[in-house]
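Have a look at protein-v8.csv; it's CSV, C-alpha atoms:
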```
chain,number,residue,atom,x,y,z
A,1,MET,CA,-3.1,-33.1,105.5
A,2,ASP,CA,-2.3,-32.0,101.9
A,3,PHE,CA,0.2,-33.5,99.6
A,4,ALA,CA,3.0,-31.0,100.3
A,5,GLU,CA,2.8,-31.7,104.0
A,6,SER,CA,2.9,-35.5,103.4
A,7,LEU,CA,5.9,-35.1,101.1
A,8,LYS,CA,7.7,-33.0,103.7
A,9,MET,CA,7.1,-35.5,106.5
A,10,ALA,CA,8.1,-38.5,104.2
A,11,THR,CA,11.3,-36.7,103.3
A,12,LYS,CA,12.1,-35.9,106.9
A,13,THR,CA,11.5,-39.5,108.0
A,14,LEU,CA,13.8,-40.9,105.2
A,15,SER,CA,16.5,-38.3,105.9
A,16,ALA,CA,16.5,-39.4,109.6
A,17,ASN,CA,17.6,-42.9,108.5
A,18,LYS,CA,20.0,-42.3,105.7
A,19,LEU,CA,21.8,-45.6,105.9
A,20,ARG,CA,18.6,-47.7,105.9
A,21,SER,CA,17.2,-45.6,103.1
A,22,GLY,CA,20.4,-46.1,101.1
A,23,LEU,CA,20.5,-49.8,101.6
A,24,THR,CA,16.7,-50.0,100.7
A,25,MET,CA,17.4,-48.2,97.4
A,26,LEU,CA,20.4,-50.5,96.5
A,27,GLY,CA,18.3,-53.1,94.6
A,28,ILE,CA,16.6,-50.4,92.5
A,29,ILE,CA,20.0,-48.7,91.9
A,30,ILE,CA,21.5,-51.9,90.6
A,31,GLY,CA,18.4,-52.8,88.6
A,32,ASN,CA,18.1,-49.4,86.9
A,33,ALA,CA,21.9,-49.2,86.2
A,34,SER,CA,21.7,-52.7,84.6
A,35,VAL,CA,18.7,-51.8,82.4
A,36,ILE,CA,20.3,-48.5,81.2
A,37,ALA,CA,23.7,-50.1,80.5
A,38,MET,CA,22.2,-53.1,78.7
A,39,ILE,CA,20.0,-51.0,76.4
A,40,GLY,CA,22.9,-48.6,75.8
A,41,ILE,CA,25.3,-51.4,74.9
A,42,GLY,CA,22.7,-53.0,72.7
A,43,GLU,CA,22.0,-49.8,70.8
A,44,GLY,CA,25.8,-49.2,70.5
A,45,ALA,CA,26.3,-52.6,69.1
A,46,GLN,CA,23.5,-52.0,66.6
A,47,LYS,CA,25.1,-48.7,65.4
A,48,TYR,CA,28.5,-50.4,65.2
A,49,VAL,CA,27.2,-53.3,63.0
A,50,ASN,CA,25.2,-50.8,60.8
A,51,GLY,CA,28.4,-48.7,60.3
A,52,GLN,CA,30.3,-51.8,59.4
A,53,LEU,CA,27.8,-52.8,56.8
A,54,GLN,CA,27.7,-49.3,55.3
A,55,THR,CA,31.5,-49.5,54.6
A,56,LEU,CA,30.8,-52.5,52.3
A,57,GLY,CA,30.0,-50.0,49.6
A,58,PRO,CA,26.9,-48.4,47.9
A,59,ASN,CA,24.1,-50.6,46.5
A,60,VAL,CA,26.1,-53.8,47.1
A,61,LEU,CA,24.9,-57.4,46.4
A,62,PHE,CA,26.8,-60.5,47.3
A,63,VAL,CA,26.4,-63.7,45.3
A,64,ILE,CA,27.6,-66.6,47.5
A,65,PRO,CA,28.2,-70.1,46.2
A,66,GLY,CA,26.6,-73.2,47.7
A,67,ASN,CA,23.3,-74.2,49.1
A,68,ARG,CA,22.0,-71.7,51.8
A,69,GLU,CA,20.6,-74.3,54.1
A,70,ALA,CA,23.7,-76.4,54.0
A,71,ARG,CA,25.9,-73.4,54.8
A,72,GLN,CA,23.6,-72.4,57.7
A,73,LEU,CA,24.1,-75.9,59.1
A,74,GLY,CA,27.8,-75.4,58.9
A,75,ASP,CA,28.5,-78.0,56.2
A,76,LEU,CA,31.9,-76.9,54.9
A,77,ASN,CA,32.2,-79.8,52.4
A,78,ILE,CA,29.4,-78.6,50.0
A,79,PRO,CA,30.7,-77.9,46.5
A,80,ARG,CA,31.6,-74.3,45.5
A,81,THR,CA,29.6,-73.5,42.4
A,82,LEU,CA,30.6,-70.0,41.4
A,83,VAL,CA,33.5,-69.5,39.0
A,84,LEU,CA,35.3,-66.5,37.6
A,85,ALA,CA,33.4,-66.9,34.3
A,86,ASP,CA,30.1,-66.3,36.2
A,87,ALA,CA,31.5,-62.9,37.4
A,88,LYS,CA,32.5,-62.0,33.8
A,89,ALA,CA,29.0,-63.0,32.5
A,90,ILE,CA,27.3,-60.8,35.1
A,91,SER,CA,29.6,-57.9,34.3
A,92,THR,CA,28.8,-58.0,30.6
A,93,GLN,CA,25.2,-59.3,30.4
A,94,VAL,CA,23.4,-57.7,33.3
A,95,PRO,CA,22.5,-54.0,32.4
A,96,SER,CA,21.5,-53.0,36.0
A,97,VAL,CA,25.0,-53.7,37.3
A,98,ALA,CA,27.6,-51.0,37.6
A,99,ALA,CA,30.7,-53.0,38.8
A,100,VAL,CA,31.5,-56.6,39.5
A,101,ALA,CA,34.4,-58.2,41.5
A,102,ALA,CA,35.2,-61.8,42.2
A,103,GLU,CA,37.0,-62.4,45.4
A,104,LYS,CA,38.7,-65.3,47.2
A,105,THR,CA,40.7,-64.9,50.4
A,106,THR,CA,43.3,-67.1,52.1
A,107,GLN,CA,45.8,-66.6,54.9
A,108,GLY,CA,49.6,-66.4,54.5
A,109,ILE,CA,52.9,-65.0,55.6
A,110,VAL,CA,54.1,-61.9,53.8
A,111,SER,CA,57.8,-61.1,54.0
A,112,TYR,CA,59.9,-58.0,53.3
A,113,ARG,CA,63.6,-58.5,54.0
A,114,SER,CA,63.7,-59.7,57.6
A,115,ARG,CA,60.2,-58.7,58.4
A,116,ASN,CA,57.4,-61.3,58.4
A,117,THR,CA,53.8,-61.0,59.3
A,118,SER,CA,50.6,-63.0,58.9
A,119,THR,CA,47.9,-61.4,56.8
A,120,ASN,CA,44.9,-61.9,54.5
A,121,ILE,CA,45.8,-62.6,50.8
A,122,THR,CA,42.8,-61.6,48.6
A,123,GLY,CA,42.6,-62.6,45.0
A,124,THR,CA,40.3,-60.3,43.1
A,125,THR,CA,39.6,-58.5,39.9
A,126,SER,CA,39.8,-55.0,38.6
A,127,GLY,CA,36.2,-54.2,39.5
A,128,PHE,CA,37.0,-54.3,43.2
A,129,LEU,CA,37.5,-50.6,43.6
A,130,GLY,CA,34.1,-49.8,41.9
A,131,VAL,CA,32.2,-52.2,44.1
A,132,ARG,CA,33.7,-51.5,47.5
A,133,ASN,CA,34.2,-47.8,47.0
A,134,PHE,CA,38.0,-48.0,47.7
A,135,GLU,CA,40.6,-45.4,46.5
A,136,VAL,CA,44.2,-46.0,45.7
A,137,ALA,CA,46.6,-43.8,47.8
A,138,GLN,CA,49.8,-44.7,45.9
A,139,GLY,CA,50.5,-46.3,42.5
A,140,ARG,CA,47.6,-48.2,40.8
A,141,PHE,CA,45.2,-51.0,41.3
A,142,LEU,CA,45.1,-54.4,39.5
A,143,THR,CA,44.0,-54.4,35.9
A,144,ASP,CA,42.4,-56.9,33.5
A,145,LEU,CA,45.9,-57.4,31.9
A,146,ASP,CA,47.3,-58.4,35.3
A,147,GLU,CA,44.5,-60.9,35.6
A,148,ARG,CA,44.9,-62.3,32.1
A,149,SER,CA,48.7,-62.6,32.4
A,150,ASN,CA,48.8,-64.0,35.9
A,151,SER,CA,51.1,-61.2,36.9
A,152,LEU,CA,53.1,-61.4,40.1
A,153,VAL,CA,51.9,-57.9,41.3
A,154,ALA,CA,50.3,-56.9,44.6
A,155,VAL,CA,48.3,-54.0,46.1
A,156,ILE,CA,48.6,-53.7,49.9
A,157,GLY,CA,46.5,-52.0,52.5
A,158,SER,CA,47.8,-48.9,54.4
A,159,THR,CA,48.2,-50.8,57.8
A,160,LEU,CA,50.3,-53.5,56.2
A,161,ALA,CA,52.4,-50.9,54.3
A,162,GLU,CA,53.1,-49.2,57.6
A,163,ARG,CA,54.0,-52.5,59.3
A,164,LEU,CA,56.4,-53.6,56.6
A,165,PHE,CA,57.9,-50.4,55.4
A,166,ASP,CA,57.4,-47.8,58.2
A,167,ASN,CA,57.4,-44.5,56.5
A,168,GLU,CA,59.2,-45.6,53.3
A,169,SER,CA,57.4,-45.6,49.9
A,170,SER,CA,56.4,-49.2,49.2
A,171,VAL,CA,55.5,-49.0,45.5
A,172,GLY,CA,58.0,-50.8,43.4
A,173,LYS,CA,59.3,-52.8,46.3
A,174,GLN,CA,59.2,-56.6,46.3
A,175,ILE,CA,57.5,-58.8,48.9
A,176,ARG,CA,57.3,-62.6,49.2
A,177,LEU,CA,54.1,-64.6,49.6
A,178,LYS,CA,54.6,-68.3,50.3
A,179,GLY,CA,58.0,-68.1,48.8
A,180,ILE,CA,57.0,-66.3,45.6
A,181,THR,CA,58.2,-62.8,44.9
A,182,PHE,CA,55.5,-60.1,44.1
A,183,GLU,CA,56.1,-56.5,43.1
A,184,ILE,CA,54.0,-53.9,45.0
A,185,ILE,CA,52.2,-51.7,42.4
A,186,GLY,CA,49.8,-49.8,44.7
A,187,VAL,CA,48.7,-49.0,48.3
A,188,LEU,CA,45.0,-48.6,49.2
A,189,GLU,CA,43.7,-45.7,51.2
A,190,GLN,CA,42.7,-46.5,54.8
A,191,LYS,CA,39.1,-47.5,55.2
A,192,GLY,CA,38.8,-49.7,58.3
A,193,SER,CA,37.6,-53.3,58.6
A,194,SER,CA,34.1,-54.5,57.7
A,195,LEU,CA,32.5,-57.6,59.0
A,196,GLY,CA,35.7,-58.8,60.4
A,197,LEU,CA,37.7,-58.5,57.2
A,198,ASP,CA,40.4,-55.8,57.3
A,199,TYR,CA,41.5,-54.8,53.9
A,200,ASP,CA,43.8,-52.2,55.4
A,201,ASP,CA,45.9,-55.2,56.6
A,202,SER,CA,45.6,-57.3,53.4
A,203,VAL,CA,47.5,-58.1,50.3
A,204,MET,CA,45.5,-58.1,47.1
A,205,ILE,CA,46.7,-59.9,44.0
A,206,PRO,CA,45.0,-61.0,40.7
A,207,ILE,CA,42.6,-63.8,41.4
A,208,THR,CA,44.1,-65.9,38.6
A,209,THR,CA,47.5,-65.6,40.2
A,210,LEU,CA,46.1,-66.6,43.6
A,211,THR,CA,44.5,-69.7,42.0
A,212,SER,CA,47.5,-70.7,39.9
A,213,ARG,CA,50.3,-70.0,42.4
A,214,LEU,CA,49.0,-69.8,46.0
A,215,ALA,CA,45.6,-71.3,46.8
A,216,GLY,CA,44.3,-72.8,43.6
A,217,ARG,CA,41.0,-74.5,43.3
A,218,THR,CA,39.4,-75.1,40.0
A,219,SER,CA,36.4,-77.0,38.7
A,220,PRO,CA,35.5,-78.3,35.2
A,221,TYR,CA,33.9,-74.9,34.7
A,222,GLY,CA,36.8,-72.7,35.6
A,223,ILE,CA,38.4,-70.9,38.5
A,224,GLU,CA,36.3,-71.1,41.6
A,225,VAL,CA,35.7,-67.9,43.6
A,226,GLY,CA,34.8,-67.3,47.3
A,227,PHE,CA,32.0,-64.9,46.3
A,228,ILE,CA,31.1,-62.3,43.8
A,229,SER,CA,30.4,-58.7,45.0
A,230,ILE,CA,28.3,-56.5,42.8
A,231,SER,CA,27.3,-52.8,42.8
A,232,ALA,CA,24.0,-52.0,41.2
A,233,VAL,CA,23.6,-48.8,39.2
A,234,SER,CA,21.3,-47.4,41.8
A,235,GLN,CA,19.3,-48.2,45.0
A,236,GLU,CA,16.2,-48.5,42.9
A,237,ALA,CA,17.8,-51.0,40.5
A,238,MET,CA,18.9,-53.5,43.3
A,239,GLU,CA,15.8,-55.7,43.0
A,240,THR,CA,16.1,-55.7,39.2
A,241,ALA,CA,19.7,-56.6,39.4
A,242,GLU,CA,19.1,-59.4,41.8
A,243,PHE,CA,16.3,-60.8,39.5
A,244,GLN,CA,18.5,-60.6,36.4
A,245,ILE,CA,21.6,-62.1,38.1
A,246,THR,CA,19.5,-65.0,39.4
A,247,ASN,CA,18.1,-65.7,36.0
A,248,LEU,CA,21.5,-65.5,34.3
A,249,LEU,CA,23.1,-67.9,36.8
A,250,ARG,CA,20.3,-70.3,36.6
A,251,LEU,CA,20.7,-70.4,32.8
A,252,ARG,CA,24.5,-70.8,33.0
A,253,HIS,CA,24.3,-73.5,35.7
A,254,ARG,CA,21.3,-75.2,33.9
A,255,ILE,CA,19.3,-75.2,37.1
A,256,THR,CA,15.7,-76.4,37.0
A,257,ALA,CA,15.1,-76.7,40.8
A,258,GLY,CA,17.0,-75.5,43.8
A,259,ASP,CA,19.6,-72.8,43.3
A,260,ASP,CA,23.3,-73.7,44.0
A,261,PHE,CA,23.9,-70.0,45.0
A,262,TYR,CA,22.2,-67.3,46.9
A,263,ILE,CA,22.2,-63.5,46.8
A,264,GLN,CA,22.3,-61.2,49.8
A,265,SER,CA,21.9,-57.5,49.6
A,266,GLN,CA,23.2,-54.9,52.0
A,267,ASP,CA,19.6,-54.2,53.1
A,268,THR,CA,19.1,-57.8,53.9
A,269,LEU,CA,22.2,-57.9,56.0
A,270,LEU,CA,21.1,-54.7,57.8
A,271,ASP,CA,17.7,-56.2,58.5
A,272,ILE,CA,19.3,-59.4,59.9
A,273,ALA,CA,21.8,-57.5,62.0
A,274,ASN,CA,19.1,-55.1,63.4
A,275,THR,CA,16.8,-58.1,64.2
A,276,VAL,CA,19.6,-59.9,66.0
A,277,THR,CA,20.9,-56.9,68.0
A,278,GLY,CA,17.3,-55.8,68.8
A,279,ALA,CA,16.4,-59.2,70.2
A,280,LEU,CA,19.6,-59.3,72.1
A,281,THR,CA,19.0,-55.9,73.6
A,282,LEU,CA,15.5,-56.9,74.6
A,283,MET,CA,16.7,-60.1,76.2
A,284,LEU,CA,19.4,-58.3,78.2
A,285,ALA,CA,17.0,-55.6,79.3
A,286,ALA,CA,14.5,-58.2,80.5
A,287,ILE,CA,17.2,-60.0,82.5
A,288,ALA,CA,18.3,-56.7,84.1
A,289,SER,CA,14.7,-55.9,84.9
A,290,ILE,CA,14.6,-58.9,87.3
A,291,SER,CA,16.9,-56.8,89.6
A,292,LEU,CA,14.3,-54.0,89.6
A,293,PHE,CA,11.6,-56.5,90.7
A,294,VAL,CA,13.9,-57.8,93.5
A,295,GLY,CA,14.6,-54.2,94.5
A,296,GLY,CA,10.9,-53.6,94.8
A,297,ILE,CA,10.5,-56.6,97.1
A,298,GLY,CA,13.3,-55.1,99.2
A,299,ILE,CA,11.5,-51.8,99.5
A,300,MET,CA,8.3,-53.6,100.6
A,301,ASN,CA,10.1,-55.6,103.3
A,302,ILE,CA,11.8,-52.5,104.7
A,303,MET,CA,8.6,-50.6,104.7
A,304,LEU,CA,6.8,-53.4,106.6
A,305,VAL,CA,9.5,-53.4,109.2
A,306,SER,CA,9.2,-49.6,109.4
A,307,VAL,CA,5.4,-49.9,110.0
A,308,ARG,CA,6.0,-52.1,113.0
A,309,GLU,CA,8.7,-49.8,114.4
A,310,ARG,CA,6.6,-46.7,114.0
A,311,THR,CA,3.4,-48.1,115.5
A,312,GLN,CA,3.4,-45.6,118.3
A,313,GLU,CA,3.9,-42.7,115.9
A,314,ILE,CA,1.0,-43.9,113.7
A,315,GLY,CA,-1.2,-44.3,116.8
A,316,LEU,CA,-0.4,-40.8,118.1
A,317,ARG,CA,-1.1,-39.3,114.7
A,318,LYS,CA,-4.4,-41.0,114.4
A,319,ALA,CA,-5.3,-40.0,118.0
A,320,ILE,CA,-4.8,-36.3,117.2
A,321,GLY,CA,-6.9,-36.5,114.0
A,322,ALA,CA,-4.9,-38.0,111.1
A,323,SER,CA,-7.1,-40.0,108.7
A,324,GLN,CA,-6.4,-43.4,107.1
A,325,LYS,CA,-5.8,-41.5,103.9
A,326,ASP,CA,-3.1,-39.3,105.5
A,327,ILE,CA,-1.2,-42.4,106.8
A,328,LEU,CA,-1.7,-44.2,103.5
A,329,SER,CA,-0.3,-41.3,101.4
A,330,GLN,CA,2.7,-40.7,103.7
A,331,PHE,CA,3.9,-44.3,103.5
A,332,LEU,CA,3.2,-44.5,99.7
A,333,ILE,CA,5.1,-41.3,99.2
A,334,GLU,CA,8.1,-42.7,101.2
A,335,ALA,CA,8.1,-45.9,99.0
A,336,ILE,CA,7.9,-43.8,95.8
A,337,ILE,CA,10.7,-41.5,96.9
A,338,LEU,CA,12.9,-44.4,97.7
A,339,SER,CA,12.3,-46.1,94.3
A,340,ALA,CA,12.4,-43.0,92.2
A,341,LEU,CA,15.6,-41.7,93.9
A,342,GLY,CA,17.1,-45.1,93.5
A,343,GLY,CA,16.1,-45.0,89.8
A,344,LEU,CA,17.8,-41.7,89.2
A,345,ILE,CA,21.0,-42.8,90.9
A,346,GLY,CA,20.9,-46.1,89.0
A,347,THR,CA,20.5,-44.1,85.8
A,348,ALA,CA,23.6,-42.1,86.5
A,349,PHE,CA,25.6,-45.3,87.2
A,350,GLY,CA,24.2,-46.9,84.1
A,351,ALA,CA,25.2,-43.9,81.9
A,352,GLY,CA,28.7,-43.9,83.5
A,353,SER,CA,29.2,-47.6,82.7
A,354,ILE,CA,28.2,-47.1,79.1
A,355,PHE,CA,30.8,-44.4,78.6
A,356,LEU,CA,33.3,-46.5,80.4
A,357,ILE,CA,32.6,-49.5,78.2
A,358,ALA,CA,32.7,-47.3,75.0
A,359,ALA,CA,36.1,-46.1,76.0
A,360,PHE,CA,37.5,-49.6,75.7
A,361,SER,CA,35.4,-51.0,72.8
A,362,PRO,CA,34.5,-50.0,69.2
A,363,PHE,CA,30.9,-49.3,70.3
A,364,GLU,CA,29.6,-45.8,70.1
A,365,ALA,CA,28.6,-44.4,73.6
A,366,GLY,CA,25.1,-43.2,73.9
A,367,VAL,CA,22.4,-43.1,76.6
A,368,SER,CA,18.9,-43.6,75.1
A,369,ILE,CA,16.4,-40.9,76.4
A,370,SER,CA,13.6,-43.4,76.0
A,371,ALA,CA,15.5,-46.0,78.1
A,372,VAL,CA,16.0,-43.4,80.8
A,373,VAL,CA,12.3,-42.4,80.8
A,374,ILE,CA,11.2,-46.0,80.9
A,375,ALA,CA,13.7,-47.1,83.6
A,376,VAL,CA,12.9,-44.2,85.9
A,377,GLY,CA,9.1,-44.5,85.3
A,378,VAL,CA,9.2,-48.3,85.9
A,379,SER,CA,11.3,-47.8,89.1
A,380,GLY,CA,8.8,-45.2,90.4
A,381,SER,CA,5.9,-47.5,89.6
A,382,ILE,CA,7.6,-50.4,91.4
A,383,GLY,CA,7.7,-48.2,94.5
A,384,LEU,CA,4.0,-47.4,94.2
A,385,PHE,CA,3.2,-51.1,93.6
A,386,PHE,CA,5.3,-52.6,96.4
A,387,GLY,CA,4.5,-49.7,98.8
A,388,VAL,CA,0.7,-50.4,98.7
A,389,VAL,CA,0.8,-53.3,101.1
A,390,PRO,CA,2.8,-51.7,104.0
A,391,ALA,CA,0.9,-48.4,103.5
A,392,ARG,CA,-2.5,-50.1,103.8
A,393,GLN,CA,-1.3,-52.0,106.8
A,394,ALA,CA,-0.2,-48.8,108.5
A,395,SER,CA,-3.4,-46.9,107.6
A,396,LYS,CA,-5.7,-49.6,109.0
A,397,LEU,CA,-4.0,-49.7,112.4
A,398,ASP,CA,-6.4,-49.0,115.3
A,399,PRO,CA,-5.0,-46.0,117.3
A,400,ILE,CA,-5.9,-47.5,120.7
A,401,VAL,CA,-4.3,-50.9,119.8
A,402,ALA,CA,-1.3,-49.1,118.3
A,403,LEU,CA,-0.7,-47.0,121.4
A,404,ARG,CA,-1.1,-50.0,123.7
A,405,SER,CA,1.3,-52.2,121.7
A,406,ALA,CA,4.0,-49.5,121.5
```

Would you mind writing the file's structure down as structure tokens?
Amino acid sequence: MDFAESLKMATKTLSANKLRSGLTMLGIIIGNASVIAMIGIGEGAQKYVNGQLQTLGPNVLFVIPGNREARQLGDLNIPRTLVLADAKAISTQVPSVAAVAAEKTTQGIVSYRSRNTSTNITGTTSGFLGVRNFEVAQGRFLTDLDERSNSLVAVIGSTLAERLFDNESSVGKQIRLKGITFEIIGVLEQKGSSLGLDYDDSVMIPITTLTSRLAGRTSPYGIEVGFISISAVSQEAMETAEFQITNLLRLRHRITAGDDFYIQSQDTLLDIANTVTGALTLMLAAIASISLFVGGIGIMNIMLVSVRERTQEIGLRKAIGASQKDILSQFLIEAIILSALGGLIGTAFGAGSIFLIAAFSPFEAGVSISAVVIAVGVSGSIGLFFGVVPARQASKLDPIVALRSA
């Protein structure tokens, strides 16, 4: 009997028991759908995080105060060591730096007439636009003069402007932050949130004003800042900038051993994010693969039952000349068809679940071709692997014993 004839007989047998065939495939369908969905969600999360990091701006470095190990352990009482003067020194003394911005953020209620809303209040410097690649939609941004004179001026994000002023122009209007009146001098263009910080829904004021009027924290060395964001002159200059900034801060802080700050680049953050999301995707896919294994065991059990039920058929076929190879190939083909068909149906369900999740989340929908090939290939292999035992059992049946036992 050739392969085509075995395939035809296997298909006819499976079609005659549609309900049983469907239930046998159920484990493979669930397993394959889980693998496709988990890999798709993992890749979507990776793209989302990468997109968020790209919005930080080009060639960005972050200088963060404190000891890295202490911060990783969650010690919030460690001293802050970066001050506004450090940002000024980096801006004027590091040639590989294009723009520098000191930032400090707090939470507060912003009020306009009878409207009140909670928002982020960010104190920053004039270099913010250059570092973060923002544009001003209306009015102007904060200047060095605003910073030096502790001006009561504010720039707001587009989302906050819409919430407070609807469609009215907000430039020139007055808002209140913690009981203090600020004049709006500009509105930023919409850009979206990055790393959980939504500047579209924020108020930005001079960092000196924030420190002296709203959320002050100074040290003997000056105004403390949350972090310093820096834009290097080019991608190639980022390592040089990091080296020069490190040396400058060590000199300014008189450090001989153990930095009281650390620098993270956009590439470092991307590497960390890709490593974490990749490991998470792999773990989820491994967990989902357990369902495929369970589905394979289900196929083997049903095939063993089928061999017992079809003993008379096997005996008759052998009595009229069918070889062990013919019986073996027919049962193997049946197992492979069940698992491969279950794999394809599971792939369709997995792809559908990805698009469904993407519709209600910020993740980008996408079905990985490699994941589909791997999942279908693995499910087909599972059918071959778990179909061997029942196929061998069927092929070794003695035709006389089989006919007597039927």

**OP:** Find the residue from A:Leu270, A:Met38, A:Met204, A:Met9 that sits nearest to A:Val367; use only C-alpha atoms when measuring.
**Re:** A:Met38

**OP:** Find the residues around A:Asn150 up to 10 Å (only C-alpha atoms counted), leave out those fewer than 4 positions away in its own chain, and share them as a ChimeraX atom specification.
**Re:** /A:144-146,205-213

Original post:
Between atom CA of A:Asn133 and atom CA of A:Thr117, what is the distance, to one decimal in Å?
Top reply: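 Spanning atom CA of A:Asn133 to atom CA of A:Thr117 is a straight-line distance of 26.6 Å.
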
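The protein and nucleic acid residues lying at most 12 Å from A:Ser15 are Lys8, Met9, Ala10, Arg20, Ser21, Gly22, Glu334, Ile337 and Leu338 of chain A, with all atoms listed in the file considered and sequence neighbours fewer than 5 positions away removed.
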
Output C-alpha atoms of each residue in that selection to a file, as a compact mmCIF listing (two decimals), in the frame of the given file.
```txt
# COMPACT_ATOMS: atom_id res chain seq x y z
CA LYS A 8 7.70 -33.00 103.70
CA MET A 9 7.10 -35.50 106.50
CA ALA A 10 8.10 -38.50 104.20
CA ARG A 20 18.60 -47.70 105.90
CA SER A 21 17.20 -45.60 103.10
CA GLY A 22 20.40 -46.10 101.10
CA GLU A 334 8.10 -42.70 101.20
CA ILE A 337 10.70 -41.50 96.90
CA LEU A 338 12.90 -44.40 97.70
```

**OP:** Would you kindly identify which residues have an atom no farther than 10 Å from (40.5, -52.9, 48.3), using only C-alpha atoms and the file's own coordinates, and write them out as a list in words?
**Re:** Thr122, Thr124, Ser126, Gly127, Phe128, Leu129, Gly130, Val131, Arg132, Asn133, Phe134, Glu135, Val136, Phe141, Val155, Ile156, Gly157, Val187, Leu188, Glu189, Gln190, Lys191, Asp198, Tyr199, Asp200, Ser202, Val203 and Met204 of chain A

**OP:** Extract, using all atoms listed in the file, all DNA, RNA and protein residues at most 12 Å from A:Gly377, discarding same-chain residues fewer than 6 positions from it, and format them as a list in words.
**Re:** Ile28, Asn32, Leu292, Ile336, Ser339, Ala340, Leu341, Gly342, Gly343, Leu344, Thr347, Ser370, Ala371, Gly383 and Leu384 of chain A

**OP:** Determine the nearest neighbour of A:Leu284 from the options A:Ile228, A:Ile39, A:Ile245, A:Ile345, counting only C-alpha atoms.
**Re:**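 With only C-alpha atoms as the atom set, the closest residue is A:Ile39.
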
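One finds atom CA of A:Ile263 at 6.3 Å from atom CA of A:Ile64.
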
**OP:** State, in Å with one decimal place, the distance from atom CA of A:Glu168 to atom CA of A:Ile184.
**Re:**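 Computed distance, atom CA of A:Glu168 to atom CA of A:Ile184, equals 12.8 Å.
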
Subject >> Counting all atoms listed in the file, the option among A:Ile121, A:Ala348, A:Val35, A:Val373 closest to A:Thr105 >> reply: A:Ile121

**OP:** Rank A:Ala358, A:Ile327, A:Ala351, A:Val83 by their smallest atom-to-atom distance to A:Val388, using only C-alpha atoms, and report the top residue only.
**Re:**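 Nearest to A:Val388: A:Ile327.
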
Original post:
Which one is closest to A:Pro399: A:Phe360, A:Ile382, A:Glu242, A:Glu313? Count only C-alpha atoms.
Top reply: A:Glu313

Subject >> Minimum-distance residue to A:Ile109, chosen among A:Ile29, A:Ile180, A:Leu53, A:Leu152 (using all atoms listed in the file) >> reply: A:Ile180

**OP:** Kindly extract all protein, DNA and RNA residues lying within 12 Å of the coordinates (29.8, -44.7, 83.3) given in the file, considering all atoms listed in the file, and supply them as a ChimeraX atom specification.
**Re:** /A:33-34,36-37,40-41,345-360,365-367

Any chance you could work out the axis-aligned box around stretch 274-283 of chain A, listed atoms only, 4 Å on each side, giving centre and edge lengths in Å to one decimal, as JSON?
```
{"center_x": 18.2, "center_y": -57.6, "center_z": 69.8, "size_x": 13.4, "size_y": 13.0, "size_z": 20.8}
```
